Amino acid sequence: MRSLLSSLLAVGLLACTATRTSAVSETPAAHAKAPLPFIEDDYSRALSEAKSRGLPLFVDTWAPWCHTCRSMRAYVFTDEALAPHAGRFVWLELNTDLPGNAGFLEKYPVEFWPTFFIIDPREEKALVRFAGSATVAQLERLFEDGERAYRGGAQGPEALLARGDALYGEGKAAEAADVFAQALAGAPADWSRRGRALESLLMAQYGAKRHEACARTALAELPRVPPSPSRANAAGLGLSCSLSVAGDVPDVKQLRASLEAVAREAIAPDIAMPADDRSGVFEVLVGARESAGDEAGAKTVAGQWLTFLEGEAAKAPNPDARSVFDSHRMSAALVLGDLMRVVPAIEQSEKDLPDDYNPPARLANLYRRLGRLDDALAASGRALEKVQGGRRLRVLSERADIHVARGEKDAAVRTLEDALAYAKTLSGVQASPRQVAALEKKLADVKAKP
């Protein structure tokens with residue numbers, strides 16, 4: 001159900017928060033043309049409306065740099081098939097880059113992007129916290145699960161699923177994992193929520209740092225899930241977990257090999273799934289080859305991945321939709337060592353999306369790697385004119401790298417000092433202690449250079 005696969009690399013598993021490129025992703029257009037009446041960046045208003053209307057609140061937390069968020073907004077939330085559901089919830093979208101949304105993030109932490117919350121406005125309690133992407137059909141089941149939790153009265157595995165959702169919404173990953181496991185164990189073989197429950201279980205196990213359990217659960221449960229986006233994503237999640245298992249664990253190599261084989265099968269071309277989901281599995285397959293020390297194998301998969309992405313970009317209906325694939329195209333090109341294969345596409349994205357900070361931020365990264373340092377510095381400046389929040393820290397950090405490459409130590413120091421000063425103006429949920437520590441270390445390293 002989710003294209004979390006990319007969303008996890010950033011936190012050490014897969015990643016919408018930070019890719020191997022350190023690139024940032026595009027700013028999608030708002031839900032202005034979407035069939036669901038989303039309120040933009042105003043939690044207080046949405047909460048008040050939900051209370052007055054007696055409806056649960058559906059919240060889409062997204063970020064402009066998150067390609068999975070971008071895919072949802074370009075390909076799913078614009079689907080008119082969602083129109084009949086407009087009256088089921090009050091709808092809210094929150095850009096997590098905006099400093100004004102820090103209060104919501106402190107109350108409802110977000111670890112992976114996008115994360116969807118279904119909140120009971122009576123208690124401001126998260127009934128469902130679900131990370132990643134979904135098709136329209138999968139969203140519809142999520143709506144049903146949220147409404148069932150809001151009304152109460154669920155029984156059997158559905159009740160356990162609702163309980164697991166609530167625990168995960170409260171940030172209790174280990175307890176949620178135990179309950180999701182009970183739901184799967186007690187459900188009939190043809191349970192319609194099996195794929196969704198398995199994905200939720202694997203995510204909770206990852207959140208609880210139960211990486212080995214996550215990998216073994218995926219291998220044991222995947223045969224019970226039919227070919228589908230849920231099967232593909234669960235296979236990718238399981239494989240990703242296996243890459244975090246210590247190398248001295250018995251049979252870990254076989255565990256990884258088995259999950260890698262399942263992941264390859266799960267993204268067969270004849271299985272219908274969103275392009276972003278398939279791309280996420282490609283990404284973790286590249287990671288698996290790299291983890292195995294198989295550079296040639298990683299390049300082979302990266303070549304298949306990039307060819308697939310180029311084909312999807314060519315079919316995109318508009319520039320916003322096409323730019324969904326920019327970050328992964330860049331990732332694949334980096335593995336291949338062929339950056340010029342993607343530069344023209346990202347330059348076109350900057351022309352087509354002049355208000356988006358992501359194309360120039362990506363170009364700054366690419367130009368630096370290509371030795372085009374003047375172009376890199378100029379592109380970085382264009383990105384800084386638009387970017388804010390925690391992502392601005394990333395752009396400033398990469399700008400310091402450009403100054404270092406140009407031999408401009410003093411400018412690099414000033415840039416990193418500016419980043420740290422800006423970090424002090426942000427909430428801790430937007431400028432994490434880990435991020436600040438990384439900036440402080442980089443500053444110390446630059447100062448120590450002769």
# chains A, B, ... in the order shown; residues from 1 in each chain; ligands from 1
>>> closest_atom_pairs(of="region 284-400 of chain A", to="region 428-441 of chain A", cutoff="12 Å", atoms="only C-alpha atoms", output="JSON lines")
{"residue": "A:Gln388", "atom": "CA", "partner": "A:Gln430", "partner_atom": "CA", "distance": 10.2}
{"residue": "A:Gly389", "atom": "CA", "partner": "A:Gln430", "partner_atom": "CA", "distance": 6.4}
{"residue": "A:Gly390", "atom": "CA", "partner": "A:Gln430", "partner_atom": "CA", "distance": 5.0}
{"residue": "A:Arg391", "atom": "CA", "partner": "A:Gln430", "partner_atom": "CA", "distance": 8.5}
{"residue": "A:Arg392", "atom": "CA", "partner": "A:Ala431", "partner_atom": "CA", "distance": 9.9}
{"residue": "A:Leu393", "atom": "CA", "partner": "A:Ala431", "partner_atom": "CA", "distance": 8.1}
{"residue": "A:Arg394", "atom": "CA", "partner": "A:Gln435", "partner_atom": "CA", "distance": 8.9}
{"residue": "A:Val395", "atom": "CA", "partner": "A:Leu439", "partner_atom": "CA", "distance": 11.6}
{"residue": "A:Leu396", "atom": "CA", "partner": "A:Leu439", "partner_atom": "CA", "distance": 9.6}
{"residue": "A:Ser397", "atom": "CA", "partner": "A:Leu439", "partner_atom": "CA", "distance": 7.1}
{"residue": "A:Glu398", "atom": "CA", "partner": "A:Leu439", "partner_atom": "CA", "distance": 10.6}
{"residue": "A:Ala400", "atom": "CA", "partner": "A:Leu439", "partner_atom": "CA", "distance": 10.2}
>>> write_last_selection(atoms="C-alpha atoms", output="CSV table (one decimal), in the first residue's frame")
chain,number,residue,atom,x,y,z
A,388,GLN,CA,12.2,27.3,4.2
A,389,GLY,CA,12.0,25.0,7.2
A,390,GLY,CA,14.2,22.0,7.8
A,391,ARG,CA,14.9,21.6,4.1
A,392,ARG,CA,16.6,25.0,4.0
A,393,LEU,CA,19.2,23.5,6.3
A,394,ARG,CA,19.9,20.8,3.8
A,395,VAL,CA,20.3,23.3,1.0
A,396,LEU,CA,22.7,25.5,3.1
A,397,SER,CA,24.7,22.4,4.0
A,398,GLU,CA,25.1,21.5,0.3
A,400,ALA,CA,28.8,24.9,2.0
>>> residues_around(residues="region 92-100 of chain A", least_positions_apart="5", cutoff="10 Å", atoms="only C-alpha atoms", output="PDB file with N, CA, C and O atoms, in the first residue's frame")
ATOM      1  N   THR A  27       8.126  20.637  -5.373  1.00  0.00           N
ATOM      2  CA  THR A  27       6.987  21.189  -4.668  1.00  0.00           C
ATOM      3  C   THR A  27       5.743  20.925  -5.479  1.00  0.00           C
ATOM      4  O   THR A  27       5.559  21.521  -6.523  1.00  0.00           O
ATOM      5  N   ALA A  30      -0.892  22.467  -4.940  1.00  0.00           N
ATOM      6  CA  ALA A  30      -1.825  22.162  -3.860  1.00  0.00           C
ATOM      7  C   ALA A  30      -2.976  21.335  -4.404  1.00  0.00           C
ATOM      8  O   ALA A  30      -3.079  21.083  -5.593  1.00  0.00           O
ATOM      9  N   HIS A  31      -3.858  20.908  -3.492  1.00  0.00           N
ATOM     10  CA  HIS A  31      -4.980  20.077  -3.889  1.00  0.00           C
ATOM     11  C   HIS A  31      -6.107  20.903  -4.512  1.00  0.00           C
ATOM     12  O   HIS A  31      -7.259  20.519  -4.456  1.00  0.00           O
ATOM     13  N   LEU A  36     -11.386  16.231  -3.308  1.00  0.00           N
ATOM     14  CA  LEU A  36     -11.584  16.292  -1.864  1.00  0.00           C
ATOM     15  C   LEU A  36     -11.269  17.707  -1.387  1.00  0.00           C
ATOM     16  O   LEU A  36     -10.231  18.276  -1.738  1.00  0.00           O
ATOM     17  N   PRO A  37     -12.128  18.300  -0.572  1.00  0.00           N
ATOM     18  CA  PRO A  37     -11.983  19.715  -0.194  1.00  0.00           C
ATOM     19  C   PRO A  37     -10.956  19.926   0.919  1.00  0.00           C
ATOM     20  O   PRO A  37     -11.302  20.215   2.073  1.00  0.00           O
ATOM     21  N   PHE A  38      -9.708  19.820   0.583  1.00  0.00           N
ATOM     22  CA  PHE A  38      -8.659  19.964   1.583  1.00  0.00           C
ATOM     23  C   PHE A  38      -8.538  21.413   2.057  1.00  0.00           C
ATOM     24  O   PHE A  38      -8.510  22.345   1.251  1.00  0.00           O
ATOM     25  N   ILE A  39      -8.445  21.573   3.370  1.00  0.00           N
ATOM     26  CA  ILE A  39      -8.055  22.841   3.988  1.00  0.00           C
ATOM     27  C   ILE A  39      -6.531  22.852   4.031  1.00  0.00           C
ATOM     28  O   ILE A  39      -5.908  21.849   4.388  1.00  0.00           O
ATOM     29  N   GLU A  40      -5.921  23.966   3.682  1.00  0.00           N
ATOM     30  CA  GLU A  40      -4.461  24.037   3.625  1.00  0.00           C
ATOM     31  C   GLU A  40      -3.873  24.646   4.893  1.00  0.00           C
ATOM     32  O   GLU A  40      -4.208  25.773   5.256  1.00  0.00           O
ATOM     33  N   ASP A  41      -3.025  23.884   5.570  1.00  0.00           N
ATOM     34  CA  ASP A  41      -2.139  24.405   6.615  1.00  0.00           C
ATOM     35  C   ASP A  41      -2.858  25.206   7.698  1.00  0.00           C
ATOM     36  O   ASP A  41      -2.362  26.250   8.144  1.00  0.00           O
ATOM     37  N   ASP A  42      -4.015  24.708   8.141  1.00  0.00           N
ATOM     38  CA  ASP A  42      -4.757  25.389   9.207  1.00  0.00           C
ATOM     39  C   ASP A  42      -5.438  24.327  10.076  1.00  0.00           C
ATOM     40  O   ASP A  42      -6.625  24.045   9.931  1.00  0.00           O
ATOM     41  N   TYR A  43      -4.652  23.756  10.989  1.00  0.00           N
ATOM     42  CA  TYR A  43      -5.165  22.689  11.847  1.00  0.00           C
ATOM     43  C   TYR A  43      -6.302  23.179  12.730  1.00  0.00           C
ATOM     44  O   TYR A  43      -7.312  22.493  12.911  1.00  0.00           O
ATOM     45  N   ARG A  45      -8.533  25.513  12.274  1.00  0.00           N
ATOM     46  CA  ARG A  45      -9.774  25.631  11.507  1.00  0.00           C
ATOM     47  C   ARG A  45     -10.356  24.261  11.183  1.00  0.00           C
ATOM     48  O   ARG A  45     -11.555  24.021  11.347  1.00  0.00           O
ATOM     49  N   ALA A  46      -9.498  23.349  10.739  1.00  0.00           N
ATOM     50  CA  ALA A  46      -9.985  22.018  10.376  1.00  0.00           C
ATOM     51  C   ALA A  46     -10.540  21.292  11.593  1.00  0.00           C
ATOM     52  O   ALA A  46     -11.575  20.612  11.518  1.00  0.00           O
ATOM     53  N   LEU A  47      -9.857  21.399  12.729  1.00  0.00           N
ATOM     54  CA  LEU A  47     -10.314  20.740  13.951  1.00  0.00           C
ATOM     55  C   LEU A  47     -11.666  21.294  14.375  1.00  0.00           C
ATOM     56  O   LEU A  47     -12.585  20.537  14.740  1.00  0.00           O
ATOM     57  N   LEU A  57     -11.321  13.738  11.306  1.00  0.00           N
ATOM     58  CA  LEU A  57     -10.451  14.613  10.536  1.00  0.00           C
ATOM     59  C   LEU A  57      -9.389  13.767   9.831  1.00  0.00           C
ATOM     60  O   LEU A  57      -8.668  13.005  10.468  1.00  0.00           O
ATOM     61  N   PHE A  58      -9.313  13.910   8.510  1.00  0.00           N
ATOM     62  CA  PHE A  58      -8.282  13.219   7.720  1.00  0.00           C
ATOM     63  C   PHE A  58      -7.179  14.233   7.425  1.00  0.00           C
ATOM     64  O   PHE A  58      -7.439  15.305   6.885  1.00  0.00           O
ATOM     65  N   VAL A  59      -5.943  13.888   7.791  1.00  0.00           N
ATOM     66  CA  VAL A  59      -4.821  14.805   7.616  1.00  0.00           C
ATOM     67  C   VAL A  59      -3.757  14.167   6.726  1.00  0.00           C
ATOM     68  O   VAL A  59      -3.289  13.055   6.993  1.00  0.00           O
ATOM     69  N   ASP A  60      -3.393  14.871   5.678  1.00  0.00           N
ATOM     70  CA  ASP A  60      -2.289  14.484   4.800  1.00  0.00           C
ATOM     71  C   ASP A  60      -1.092  15.344   5.168  1.00  0.00           C
ATOM     72  O   ASP A  60      -1.061  16.537   4.876  1.00  0.00           O
ATOM     73  N   THR A  61      -0.109  14.749   5.864  1.00  0.00           N
ATOM     74  CA  THR A  61       1.121  15.481   6.150  1.00  0.00           C
ATOM     75  C   THR A  61       2.110  15.154   5.043  1.00  0.00           C
ATOM     76  O   THR A  61       2.439  13.991   4.814  1.00  0.00           O
ATOM     77  N   TRP A  62       2.573  16.188   4.363  1.00  0.00           N
ATOM     78  CA  TRP A  62       3.425  15.998   3.194  1.00  0.00           C
ATOM     79  C   TRP A  62       4.576  16.983   3.267  1.00  0.00           C
ATOM     80  O   TRP A  62       4.619  17.855   4.141  1.00  0.00           O
ATOM     81  N   ALA A  63       5.518  16.829   2.368  1.00  0.00           N
ATOM     82  CA  ALA A  63       6.623  17.778   2.275  1.00  0.00           C
ATOM     83  C   ALA A  63       6.942  18.012   0.807  1.00  0.00           C
ATOM     84  O   ALA A  63       6.838  17.090  -0.006  1.00  0.00           O
ATOM     85  N   PRO A  64       7.353  19.210   0.445  1.00  0.00           N
ATOM     86  CA  PRO A  64       7.629  19.508  -0.951  1.00  0.00           C
ATOM     87  C   PRO A  64       8.750  18.678  -1.552  1.00  0.00           C
ATOM     88  O   PRO A  64       8.813  18.509  -2.758  1.00  0.00           O
ATOM     89  N   TRP A  65       9.658  18.153  -0.706  1.00  0.00           N
ATOM     90  CA  TRP A  65      10.788  17.374  -1.212  1.00  0.00           C
ATOM     91  C   TRP A  65      10.468  15.889  -1.352  1.00  0.00           C
ATOM     92  O   TRP A  65      11.292  15.118  -1.829  1.00  0.00           O
ATOM     93  N   LEU A 105       3.032  18.994  14.392  1.00  0.00           N
ATOM     94  CA  LEU A 105       4.051  17.944  14.359  1.00  0.00           C
ATOM     95  C   LEU A 105       4.528  17.567  15.759  1.00  0.00           C
ATOM     96  O   LEU A 105       4.930  16.427  15.992  1.00  0.00           O
ATOM     97  N   VAL A 110       5.772  12.949  12.864  1.00  0.00           N
ATOM     98  CA  VAL A 110       5.861  12.332  11.546  1.00  0.00           C
ATOM     99  C   VAL A 110       7.290  11.847  11.346  1.00  0.00           C
ATOM    100  O   VAL A 110       8.246  12.610  11.477  1.00  0.00           O
ATOM    101  N   TRP A 113       7.316  10.182   5.177  1.00  0.00           N
ATOM    102  CA  TRP A 113       6.468  11.057   4.359  1.00  0.00           C
ATOM    103  C   TRP A 113       5.964  10.317   3.128  1.00  0.00           C
ATOM    104  O   TRP A 113       6.744   9.594   2.508  1.00  0.00           O
ATOM    105  N   PRO A 114       4.698  10.509   2.771  1.00  0.00           N
ATOM    106  CA  PRO A 114       3.654  11.178   3.540  1.00  0.00           C
ATOM    107  C   PRO A 114       3.167  10.285   4.676  1.00  0.00           C
ATOM    108  O   PRO A 114       3.315   9.064   4.627  1.00  0.00           O
ATOM    109  N   PHE A 116      -0.523   9.759   6.746  1.00  0.00           N
ATOM    110  CA  PHE A 116      -1.935  10.123   6.835  1.00  0.00           C
ATOM    111  C   PHE A 116      -2.425   9.826   8.249  1.00  0.00           C
ATOM    112  O   PHE A 116      -2.178   8.742   8.777  1.00  0.00           O
ATOM    113  N   PHE A 117      -3.095  10.788   8.831  1.00  0.00           N
ATOM    114  CA  PHE A 117      -3.719  10.616  10.136  1.00  0.00           C
ATOM    115  C   PHE A 117      -5.233  10.685   9.966  1.00  0.00           C
ATOM    116  O   PHE A 117      -5.746  11.480   9.183  1.00  0.00           O
ATOM    117  N   VAL A 387      13.202  28.141  -0.486  1.00  0.00           N
ATOM    118  CA  VAL A 387      13.084  27.054   0.482  1.00  0.00           C
ATOM    119  C   VAL A 387      13.021  27.584   1.912  1.00  0.00           C
ATOM    120  O   VAL A 387      13.617  28.623   2.231  1.00  0.00           O
ATOM    121  N   GLN A 388      12.305  26.903   2.771  1.00  0.00           N
ATOM    122  CA  GLN A 388      12.246  27.250   4.184  1.00  0.00           C
ATOM    123  C   GLN A 388      12.145  25.986   5.020  1.00  0.00           C
ATOM    124  O   GLN A 388      12.112  24.874   4.506  1.00  0.00           O
ATOM    125  N   GLY A 389      12.115  26.142   6.330  1.00  0.00           N
ATOM    126  CA  GLY A 389      12.005  25.002   7.233  1.00  0.00           C
ATOM    127  C   GLY A 389      13.266  24.160   7.250  1.00  0.00           C
ATOM    128  O   GLY A 389      14.356  24.598   6.877  1.00  0.00           O
ATOM    129  N   GLY A 390      13.103  22.907   7.698  1.00  0.00           N
ATOM    130  CA  GLY A 390      14.244  22.012   7.828  1.00  0.00           C
ATOM    131  C   GLY A 390      14.970  21.769   6.529  1.00  0.00           C
ATOM    132  O   GLY A 390      16.191  21.544   6.523  1.00  0.00           O
ATOM    133  N   ARG A 391      14.268  21.818   5.411  1.00  0.00           N
ATOM    134  CA  ARG A 391      14.916  21.569   4.132  1.00  0.00           C
ATOM    135  C   ARG A 391      15.887  22.690   3.760  1.00  0.00           C
ATOM    136  O   ARG A 391      16.848  22.470   3.043  1.00  0.00           O
ATOM    137  N   ARG A 392      15.646  23.896   4.277  1.00  0.00           N
ATOM    138  CA  ARG A 392      16.594  24.980   4.020  1.00  0.00           C
ATOM    139  C   ARG A 392      17.964  24.641   4.615  1.00  0.00           C
ATOM    140  O   ARG A 392      19.003  25.006   4.049  1.00  0.00           O
ATOM    141  N   THR A 425      15.871  29.088  14.987  1.00  0.00           N
ATOM    142  CA  THR A 425      14.554  29.711  14.850  1.00  0.00           C
ATOM    143  C   THR A 425      13.455  28.684  14.617  1.00  0.00           C
ATOM    144  O   THR A 425      12.276  29.043  14.606  1.00  0.00           O
ATOM    145  N   LEU A 426      13.836  27.421  14.416  1.00  0.00           N
ATOM    146  CA  LEU A 426      12.875  26.376  14.096  1.00  0.00           C
ATOM    147  C   LEU A 426      12.570  25.515  15.307  1.00  0.00           C
ATOM    148  O   LEU A 426      13.371  25.408  16.236  1.00  0.00           O
ATOM    149  N   SER A 427      11.409  24.885  15.264  1.00  0.00           N
ATOM    150  CA  SER A 427      11.066  23.898  16.287  1.00  0.00           C
ATOM    151  C   SER A 427      11.982  22.686  16.154  1.00  0.00           C
ATOM    152  O   SER A 427      12.505  22.383  15.078  1.00  0.00           O
ATOM    153  N   VAL A 429      11.114  19.745  15.970  1.00  0.00           N
ATOM    154  CA  VAL A 429      10.575  18.747  15.047  1.00  0.00           C
ATOM    155  C   VAL A 429      10.928  19.076  13.605  1.00  0.00           C
ATOM    156  O   VAL A 429      10.781  18.225  12.723  1.00  0.00           O
ATOM    157  N   GLN A 430      11.398  20.300  13.351  1.00  0.00           N
ATOM    158  CA  GLN A 430      11.796  20.675  11.996  1.00  0.00           C
ATOM    159  C   GLN A 430      13.300  20.827  11.849  1.00  0.00           C
ATOM    160  O   GLN A 430      13.821  20.767  10.741  1.00  0.00           O
TER     161      GLN A 430
END
>>> select_by_dssp(residues="region 65-173 of chain A", states="alpha helix (DSSP H)", output="number ranges by chain")
A: 67-71, 102-107, 136-151, 156-169, 173
>>> residues_around(residues="Met203 (chain A)", least_positions_apart="2", cutoff="12 Å", atoms="only C-alpha atoms", output="PyMOL selection string")
chain A and resi 1-5+7-8+13-14+111-112+129-132+164-165+168+171-174+176-178+180-181+196-201+205-211+213-215+217-218+233-238+240-241
>>> residues_around(residues="Ala314 (chain A)", least_positions_apart="5", cutoff="12 Å", atoms="only C-alpha atoms", output="compact mmCIF listing (two decimals) with all heavy atoms, in the first residue's frame")
# COMPACT_ATOMS: atom_id res chain seq x y z
N THR A 307 15.74 3.28 -16.69
CA THR A 307 14.97 3.12 -17.93
C THR A 307 13.48 3.12 -17.64
O THR A 307 12.68 3.74 -18.36
CB THR A 307 15.38 1.81 -18.63
OG1 THR A 307 16.77 1.88 -18.99
CG2 THR A 307 14.56 1.57 -19.89
N PHE A 308 13.08 2.45 -16.57
CA PHE A 308 11.67 2.44 -16.17
C PHE A 308 11.20 3.85 -15.85
O PHE A 308 10.13 4.29 -16.32
CB PHE A 308 11.50 1.53 -14.95
CG PHE A 308 10.22 1.74 -14.20
CD1 PHE A 308 9.02 1.31 -14.73
CD2 PHE A 308 10.22 2.38 -12.98
CE1 PHE A 308 7.82 1.52 -14.05
CE2 PHE A 308 9.04 2.60 -12.28
CZ PHE A 308 7.83 2.16 -12.82
N LEU A 309 11.98 4.59 -15.09
CA LEU A 309 11.59 5.94 -14.69
C LEU A 309 11.50 6.88 -15.89
O LEU A 309 10.60 7.72 -15.97
CB LEU A 309 12.59 6.49 -13.67
CG LEU A 309 12.56 5.83 -12.29
CD1 LEU A 309 13.78 6.25 -11.49
CD2 LEU A 309 11.28 6.17 -11.55
N PRO A 319 3.89 18.72 -16.29
CA PRO A 319 5.21 18.86 -15.66
C PRO A 319 5.25 18.46 -14.19
O PRO A 319 6.24 17.87 -13.74
CB PRO A 319 5.51 20.36 -15.84
CG PRO A 319 4.76 20.74 -17.07
CD PRO A 319 3.48 19.94 -17.00
N ALA A 321 3.49 16.14 -12.70
CA ALA A 321 3.51 14.67 -12.64
C ALA A 321 4.85 14.13 -13.13
O ALA A 321 5.38 13.17 -12.57
CB ALA A 321 2.36 14.11 -13.48
N ARG A 322 5.42 14.75 -14.15
CA ARG A 322 6.71 14.28 -14.66
C ARG A 322 7.81 14.45 -13.62
O ARG A 322 8.68 13.60 -13.46
CB ARG A 322 7.07 15.05 -15.93
CG ARG A 322 8.32 14.51 -16.63
CD ARG A 322 8.70 15.37 -17.83
NE ARG A 322 9.13 16.69 -17.42
CZ ARG A 322 8.52 17.82 -17.76
NH1 ARG A 322 7.44 17.79 -18.53
NH2 ARG A 322 8.98 18.99 -17.35
N SER A 323 7.76 15.56 -12.89
CA SER A 323 8.82 15.82 -11.93
C SER A 323 8.79 14.90 -10.72
O SER A 323 9.74 14.85 -9.95
CB SER A 323 8.76 17.28 -11.47
OG SER A 323 7.61 17.52 -10.69
N VAL A 324 7.70 14.15 -10.56
CA VAL A 324 7.64 13.13 -9.49
C VAL A 324 8.86 12.22 -9.56
O VAL A 324 9.39 11.78 -8.54
CB VAL A 324 6.36 12.29 -9.62
CG1 VAL A 324 6.43 11.04 -8.76
CG2 VAL A 324 5.14 13.12 -9.27
N PHE A 325 9.33 11.95 -10.77
CA PHE A 325 10.37 10.95 -10.95
C PHE A 325 11.78 11.53 -10.90
O PHE A 325 12.76 10.79 -11.02
CB PHE A 325 10.14 10.24 -12.30
CG PHE A 325 8.75 9.68 -12.42
CD1 PHE A 325 7.81 10.30 -13.21
CD2 PHE A 325 8.37 8.56 -11.70
CE1 PHE A 325 6.51 9.81 -13.31
CE2 PHE A 325 7.08 8.06 -11.78
CZ PHE A 325 6.15 8.68 -12.59
N ASP A 326 11.91 12.84 -10.70
CA ASP A 326 13.24 13.46 -10.76
C ASP A 326 14.20 12.93 -9.70
O ASP A 326 15.36 12.64 -9.99
CB ASP A 326 13.12 14.98 -10.60
CG ASP A 326 12.62 15.68 -11.84
OD1 ASP A 326 12.43 15.01 -12.88
OD2 ASP A 326 12.39 16.91 -11.78
N ALA A 345 16.65 16.73 -17.87
CA ALA A 345 15.29 16.58 -17.35
C ALA A 345 15.06 17.50 -16.16
O ALA A 345 13.99 18.11 -16.02
CB ALA A 345 15.04 15.13 -16.96
>>> atom_distance(atom1="CA of Asp418 (chain A)", atom2="CA of Arg382 (chain A)")
16.7 Å
>>> residues_around(residues="Val76 (chain A)", least_positions_apart="4", cutoff="8 Å", atoms="only C-alpha atoms", output="VMD selection string")
chain A and resid 71 to 72 134 to 136
>>> write_last_selection(atoms="N, CA, C and O atoms", output="PDB file, in the first residue's frame")
ATOM      1  N   SER A  71       3.779  12.108  -5.764  1.00  0.00           N
ATOM      2  CA  SER A  71       3.058  11.120  -6.566  1.00  0.00           C
ATOM      3  C   SER A  71       1.598  11.035  -6.143  1.00  0.00           C
ATOM      4  O   SER A  71       0.694  10.977  -6.986  1.00  0.00           O
ATOM      5  N   MET A  72       1.353  11.031  -4.831  1.00  0.00           N
ATOM      6  CA  MET A  72      -0.026  10.991  -4.356  1.00  0.00           C
ATOM      7  C   MET A  72      -0.813  12.188  -4.862  1.00  0.00           C
ATOM      8  O   MET A  72      -1.966  12.062  -5.288  1.00  0.00           O
ATOM      9  N   ALA A 134      -0.923   5.251  -1.446  1.00  0.00           N
ATOM     10  CA  ALA A 134      -2.044   4.330  -1.599  1.00  0.00           C
ATOM     11  C   ALA A 134      -2.719   4.599  -2.925  1.00  0.00           C
ATOM     12  O   ALA A 134      -2.698   5.727  -3.433  1.00  0.00           O
ATOM     13  N   THR A 135      -3.289   3.573  -3.493  1.00  0.00           N
ATOM     14  CA  THR A 135      -4.160   3.745  -4.643  1.00  0.00           C
ATOM     15  C   THR A 135      -5.509   4.258  -4.146  1.00  0.00           C
ATOM     16  O   THR A 135      -5.776   4.294  -2.936  1.00  0.00           O
ATOM     17  N   VAL A 136      -6.392   4.609  -5.076  1.00  0.00           N
ATOM     18  CA  VAL A 136      -7.726   5.043  -4.671  1.00  0.00           C
ATOM     19  C   VAL A 136      -8.421   3.931  -3.890  1.00  0.00           C
ATOM     20  O   VAL A 136      -9.021   4.169  -2.834  1.00  0.00           O
TER      21      VAL A 136
END
>>> closest_residue(among="A:Gly407, A:Val262, A:Trp305, A:Ser291", to="Val245 (chain A)", atoms="only C-alpha atoms")
A:Ser291
>>> select_by_dssp(residues="region 125-280 of chain A", states="strand (DSSP E or B)", output="PyMOL selection string")
chain A and resi 125-131
>>> closest_residue(among="A:Glu310, A:Glu144, A:Tyr75, A:Ala154", to="Met273 (chain A)", atoms="only C-alpha atoms")
A:Tyr75
>>> atom_distance(atom1="CA of Gln182 (chain A)", atom2="CA of Gly153 (chain A)")
18.1 Å
>>> closest_residue(among="A:Ala272, A:Leu202, A:Ala261, A:Ala405", to="Pro227 (chain A)", atoms="only C-alpha atoms")
A:Ala272
>>> residues_around(residues="Val286 (chain A)", least_positions_apart="3", cutoff="12 Å", atoms="only C-alpha atoms", output="MDAnalysis selection string")
chainID A and resid 5:6 9 14 20 236 239:240 243 260 263:264 279:283 289:306 328 331:336
>>> atom_distance(atom1="CA of Leu127 (chain A)", atom2="CA of Glu212 (chain A)")
27.7 Å
>>> decode(residues="region 358-381 of chain A", atoms="C-alpha atoms", output="PDB file, in the first residue's frame")
ATOM      1  CA  ASN A 358      13.699  21.379  -5.627  1.00  0.00           C
ATOM      2  CA  PRO A 359      14.915  21.437  -9.238  1.00  0.00           C
ATOM      3  CA  PRO A 360      17.578  24.106  -8.575  1.00  0.00           C
ATOM      4  CA  ALA A 361      18.567  22.359  -5.339  1.00  0.00           C
ATOM      5  CA  ARG A 362      19.035  19.111  -7.269  1.00  0.00           C
ATOM      6  CA  LEU A 363      20.916  20.877 -10.009  1.00  0.00           C
ATOM      7  CA  ALA A 364      23.279  22.401  -7.443  1.00  0.00           C
ATOM      8  CA  ASN A 365      24.075  18.879  -6.259  1.00  0.00           C
ATOM      9  CA  LEU A 366      24.542  17.556  -9.793  1.00  0.00           C
ATOM     10  CA  TYR A 367      26.595  20.492 -11.046  1.00  0.00           C
ATOM     11  CA  ARG A 368      28.914  20.210  -8.043  1.00  0.00           C
ATOM     12  CA  ARG A 369      29.514  16.552  -8.759  1.00  0.00           C
ATOM     13  CA  LEU A 370      30.181  17.387 -12.404  1.00  0.00           C
ATOM     14  CA  GLY A 371      32.695  20.088 -11.458  1.00  0.00           C
ATOM     15  CA  ARG A 372      30.494  22.909 -12.741  1.00  0.00           C
ATOM     16  CA  LEU A 373      30.984  24.900  -9.566  1.00  0.00           C
ATOM     17  CA  ASP A 374      29.833  28.313 -10.780  1.00  0.00           C
ATOM     18  CA  ASP A 375      26.596  26.768 -12.048  1.00  0.00           C
ATOM     19  CA  ALA A 376      26.241  24.873  -8.773  1.00  0.00           C
ATOM     20  CA  LEU A 377      26.544  28.019  -6.683  1.00  0.00           C
ATOM     21  CA  ALA A 378      24.032  29.875  -8.857  1.00  0.00           C
ATOM     22  CA  ALA A 379      21.527  27.018  -8.675  1.00  0.00           C
ATOM     23  CA  SER A 380      21.925  26.848  -4.915  1.00  0.00           C
ATOM     24  CA  GLY A 381      21.161  30.558  -4.700  1.00  0.00           C
TER      25      GLY A 381
END
